[in-house]
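The structure file my_file27.txt is reproduced below (compact mmCIF, C-alpha atoms).
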```
# COMPACT_ATOMS: atom_id res chain seq x y z
CA MET X 1 90.43 102.24 91.35
CA ARG X 2 90.72 105.70 89.86
CA LEU X 3 93.73 106.50 92.08
CA GLN X 4 95.42 103.29 90.95
CA LYS X 5 95.02 104.23 87.27
CA CYS X 6 96.42 107.71 87.95
CA LEU X 7 99.46 106.22 89.67
CA MET X 8 100.05 103.82 86.79
CA LEU X 9 99.88 106.68 84.25
CA PHE X 10 102.30 108.75 86.35
CA CYS X 11 104.78 105.86 86.55
CA LEU X 12 104.54 105.33 82.79
CA TRP X 13 105.17 109.03 82.16
CA VAL X 14 108.24 109.03 84.50
CA SER X 15 109.73 105.94 82.85
CA CYS X 16 109.23 107.34 79.33
CA THR X 17 110.88 110.65 80.19
CA ALA X 18 113.79 109.04 82.07
CA ALA X 19 114.64 106.44 79.36
CA PRO X 20 116.04 108.89 76.75
CA ALA X 21 118.13 110.64 79.40
CA ALA X 22 119.64 107.33 80.53
CA SER X 23 120.52 106.22 76.99
CA ALA X 24 122.07 109.60 76.16
CA GLN X 25 124.96 109.02 78.56
CA GLU X 26 128.07 107.69 76.86
CA PRO X 27 130.72 105.58 78.54
CA ALA X 28 133.93 107.30 79.53
CA ALA X 29 136.66 107.40 76.89
CA GLU X 30 139.12 105.24 78.85
CA PHE X 31 136.65 102.34 79.01
CA ILE X 32 135.67 102.32 75.32
CA ASN X 33 138.74 100.47 74.03
CA LEU X 34 138.97 97.87 76.81
CA PRO X 35 138.48 94.28 75.70
CA SER X 36 135.48 92.51 77.15
CA SER X 37 137.48 89.35 77.84
CA LEU X 38 141.15 88.38 77.97
CA PRO X 39 142.61 85.01 77.02
CA SER X 40 143.89 83.07 80.01
CA ASP X 41 147.47 82.80 78.65
CA HIS X 42 147.65 86.60 78.49
CA LEU X 43 146.65 86.80 82.17
CA ARG X 44 149.25 84.20 83.20
CA ASN X 45 152.13 85.88 81.39
CA THR X 46 151.41 89.46 82.45
CA PRO X 47 153.97 90.71 85.01
CA LEU X 48 152.63 92.23 88.21
CA TYR X 49 155.09 95.15 88.08
CA LEU X 50 156.80 96.84 85.23
CA ASN X 51 160.58 96.41 85.18
CA GLY X 52 161.33 99.79 86.74
CA GLU X 53 158.51 99.76 89.30
CA LEU X 54 159.58 97.10 91.81
CA PRO X 55 158.29 97.78 95.32
CA ALA X 56 160.86 99.04 97.80
CA GLN X 57 162.14 96.40 100.20
CA THR X 58 161.85 97.33 103.86
CA ALA X 59 165.01 96.90 105.86
CA HIS X 60 164.80 94.67 108.92
CA LYS X 61 165.95 96.31 112.11
CA ASN X 62 167.82 94.30 114.69
CA LEU X 63 166.72 95.34 118.15
CA PRO X 64 169.36 95.70 120.88
CA ALA X 65 169.47 93.23 123.77
CA GLU X 66 168.47 95.98 126.21
CA PHE X 67 165.06 96.09 124.56
CA PHE X 68 164.35 92.51 125.67
CA ALA X 69 165.97 92.79 129.10
CA GLY X 70 162.91 94.38 130.69
CA LEU X 71 160.64 91.52 129.65
CA THR X 72 162.13 89.05 132.11
CA GLN X 73 162.06 91.50 135.01
CA HIS X 74 158.24 91.37 135.20
CA PRO X 75 157.22 87.96 136.52
CA ARG X 76 153.83 86.51 135.81
CA LEU X 77 151.18 87.36 138.39
CA SER X 78 150.49 84.70 140.97
CA LEU X 79 147.39 82.57 140.67
CA ALA X 80 145.82 84.27 143.68
CA SER X 81 146.31 87.69 142.07
CA ARG X 82 144.84 86.54 138.77
CA VAL X 83 141.85 84.96 140.56
CA LYS X 84 141.27 88.15 142.55
CA ARG X 85 141.40 90.26 139.39
CA SER X 86 138.98 88.06 137.44
CA LEU X 87 136.55 87.75 140.36
CA SER X 88 136.30 91.52 140.71
CA GLY X 89 134.71 91.55 137.25
CA TYR X 90 132.27 88.76 138.13
CA GLU X 91 131.33 90.50 141.37
CA ASN X 92 129.64 93.28 139.36
CA ARG X 93 127.73 90.80 137.17
CA ARG X 94 125.49 89.09 139.69
CA ARG X 95 123.83 86.72 137.21
CA GLN X 96 127.08 85.35 135.78
CA TYR X 97 127.82 81.82 136.98
CA VAL X 98 131.45 80.82 137.44
CA ARG X 99 133.10 77.42 137.74
CA CYS X 100 135.76 77.23 140.44
CA GLU X 101 138.17 74.33 140.73
CA LEU X 102 139.77 73.95 144.15
CA LYS X 103 143.12 72.33 144.95
CA ASP X 104 141.39 69.49 146.82
CA GLY X 105 139.60 68.48 143.57
CA GLN X 106 136.26 69.99 144.47
CA VAL X 107 134.44 71.84 141.68
CA LEU X 108 131.92 74.54 142.63
CA VAL X 109 129.55 76.42 140.35
CA GLY X 110 127.76 79.53 141.51
CA THR X 111 127.61 83.31 141.48
CA VAL X 112 130.11 85.59 143.20
CA VAL X 113 128.41 87.44 146.07
CA TYR X 114 131.41 89.58 147.00
CA ALA X 115 135.19 89.45 146.91
CA ARG X 116 137.52 90.59 149.70
CA ASP X 117 141.31 90.81 150.03
CA ASN X 118 141.91 87.18 151.05
CA TYR X 119 138.71 85.36 150.11
CA PHE X 120 135.47 85.54 148.15
CA VAL X 121 131.96 84.26 148.76
CA LEU X 122 130.36 81.96 146.18
CA ARG X 123 126.58 81.37 146.28
CA THR X 124 126.09 77.74 145.30
CA GLY X 125 122.40 77.35 146.12
CA ALA X 126 119.28 79.29 147.05
CA VAL X 127 120.65 80.00 150.54
CA ALA X 128 123.98 78.11 150.49
CA GLU X 129 127.14 80.21 150.34
CA LYS X 130 130.76 79.15 150.63
CA ASP X 131 133.77 81.25 151.65
CA ILE X 132 136.75 80.37 149.45
CA GLU X 133 140.27 81.65 149.99
CA TYR X 134 142.24 82.60 146.89
CA SER X 135 145.02 80.22 147.92
CA GLN X 136 142.58 77.27 147.73
CA MET X 137 141.97 77.80 144.00
CA ALA X 138 143.62 75.38 141.54
CA SER X 139 142.90 77.56 138.49
CA GLU X 140 141.20 80.78 137.51
CA PRO X 141 137.39 80.79 137.64
CA LYS X 142 135.73 80.30 134.27
CA PRO X 143 132.37 81.77 133.25
CA VAL X 144 129.73 79.12 132.52
CA ALA X 145 126.06 79.09 131.56
CA GLY X 146 125.11 77.42 134.83
CA THR X 147 121.92 75.88 133.47
CA GLY X 148 121.98 72.99 135.95
CA GLN X 149 122.62 75.35 138.86
CA LYS X 150 119.75 77.61 137.77
CA ILE X 151 117.36 74.65 137.66
CA LYS X 152 118.61 73.43 141.05
CA ARG X 153 118.27 76.88 142.62
CA GLY X 154 114.77 77.28 141.15
CA ALA X 155 113.74 73.89 142.58
CA GLU X 156 115.10 74.86 146.01
CA ILE X 157 113.13 78.11 146.03
CA THR X 158 109.99 76.32 144.81
CA GLY X 159 110.38 73.74 147.58
CA MET X 160 110.79 76.42 150.25
CA VAL X 161 107.68 78.27 149.02
CA THR X 162 105.70 75.03 148.90
CA VAL X 163 106.71 74.08 152.43
CA ALA X 164 105.82 77.57 153.68
CA VAL X 165 102.41 77.49 151.99
CA VAL X 166 101.61 74.00 153.30
CA LEU X 167 102.89 74.50 156.86
CA ALA X 168 101.56 78.02 157.44
CA PRO X 169 97.89 76.96 157.81
CA ILE X 170 98.93 74.22 160.23
CA VAL X 171 101.54 76.02 162.38
CA ILE X 172 99.78 79.39 162.79
CA PRO X 173 96.60 77.95 164.45
CA ILE X 174 98.71 75.76 166.74
CA LEU X 175 100.72 78.79 167.89
CA LEU X 176 97.53 80.84 168.42
CA VAL X 177 95.96 78.11 170.54
CA ALA X 178 99.19 77.74 172.54
CA CYS X 179 99.32 81.52 173.19
CA VAL X 180 95.66 81.59 174.26
CA PHE X 181 96.26 78.91 176.92
CA GLY X 182 99.38 80.64 178.20
CA THR X 183 102.14 78.43 176.81
CA CYS X 184 103.21 80.86 174.08
CA VAL X 185 106.53 80.22 172.37
CA ASP X 186 108.91 83.21 172.50
```
Take the structure from the file and write it as structure tokens.
Amino acid sequence: MRLQKCLMLFCLWVSCTAAPAASAQEPAAEFINLPSSLPSDHLRNTPLYLNGELPAQTAHKNLPAEFFAGLTQHPRLSLASRVKRSLSGYENRRRQYVRCELKDGQVLVGTVVYARDNYFVLRTGAVAEKDIEYSQMASEPKPVAGTGQKIKRGAEITGMVTVAVVLAPIVIPILLVACVFGTCVD
């Protein structure tokens, strides 16, 4: 409580000593004679530039035809080249799902495992992978959230773990008994 009173007295002392110094400052001379408000007709009729101070007009330059000649000599990259270029970026981001539309109408969503010169591998499930040639693509792959694929892949992994946990106690004793009686499976 005593500390609180000391802090309050200190703050009061600082505010009393700072108030006269703040009121002693006078506004700058160029702002003293400015009006506090202007009538709207005065604002509408005021020119933006004085008569002698018009901004300089920039001259438009006509470019020669040779400047544009090189633009048509570079054809657009083929679809296979564009697909290959975009997939090289997705190959480094393993968690990015992409949507691939094939020429036969099939749409695949998955992650890019790796990309080669003529094809790439798309992982569409927990263990399912598909080799796709660049020439089979109808359009460039598009990044997607892949929420449905993530749920599907998680369900596949959960199912495999469940089957392994359920079958292990049944299969292991059967194999042990079979090996004891000499009919062991290689």
Name the closest residue to Tyr97 in chain X among the candidates X:Val177, X:Leu77, X:Ala145, X:Ala138; distances are taken between atoms, counting only C-alpha atoms.
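With only C-alpha atoms as the atom set, the closest residue is X:Ala145.
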For a quick check of understanding, using only C-alpha atoms, which of X:Val161, X:Val144, X:Ala178, X:Val121 has the smallest distance to Gln96 in chain X?
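Ranking X:Val161, X:Val144, X:Ala178, X:Val121 by distance to Gln96 in chain X, first place goes to X:Val144.
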Please compute the CA of Ile132 in chain X-CA of Val112 in chain X distance, one decimal, in Å.
10.5 Å
Across X:Lys152, X:Arg99, X:Lys142, X:Arg76, the smallest distance to Ala128 in chain X, with all atoms listed in the file counted, is shown by X:Lys152
Just to confirm, what's the straight-line distance from CA of Gln136 in chain X to CA of Lys103 in chain X in Å (one decimal)?
5.7 Å
Need the shell around Leu79 in chain X: protein/DNA/RNA residues with any atom at most 10 Å away, counting only C-alpha atoms. Skip same-chain ones fewer than 4 positions apart. Format as a PDB file with C-alpha atoms, in the coordinates of the input?
```
ATOM      1  CA  VAL X  83     141.850  84.960 140.560  1.00  0.00           C
ATOM      2  CA  LYS X  84     141.270  88.150 142.550  1.00  0.00           C
ATOM      3  CA  ARG X  85     141.400  90.260 139.390  1.00  0.00           C
ATOM      4  CA  TYR X 134     142.240  82.600 146.890  1.00  0.00           C
ATOM      5  CA  SER X 135     145.020  80.220 147.920  1.00  0.00           C
ATOM      6  CA  MET X 137     141.970  77.800 144.000  1.00  0.00           C
ATOM      7  CA  ALA X 138     143.620  75.380 141.540  1.00  0.00           C
ATOM      8  CA  SER X 139     142.900  77.560 138.490  1.00  0.00           C
ATOM      9  CA  GLU X 140     141.200  80.780 137.510  1.00  0.00           C
TER      10      GLU X 140
END
```
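Minimum atom-to-atom distances from X:Gly110, X:Gly125, X:Gly159, X:Gly105 to Pro141 in chain X were compared using all atoms listed in the file, and the lowest value belongs to X:Gly110.
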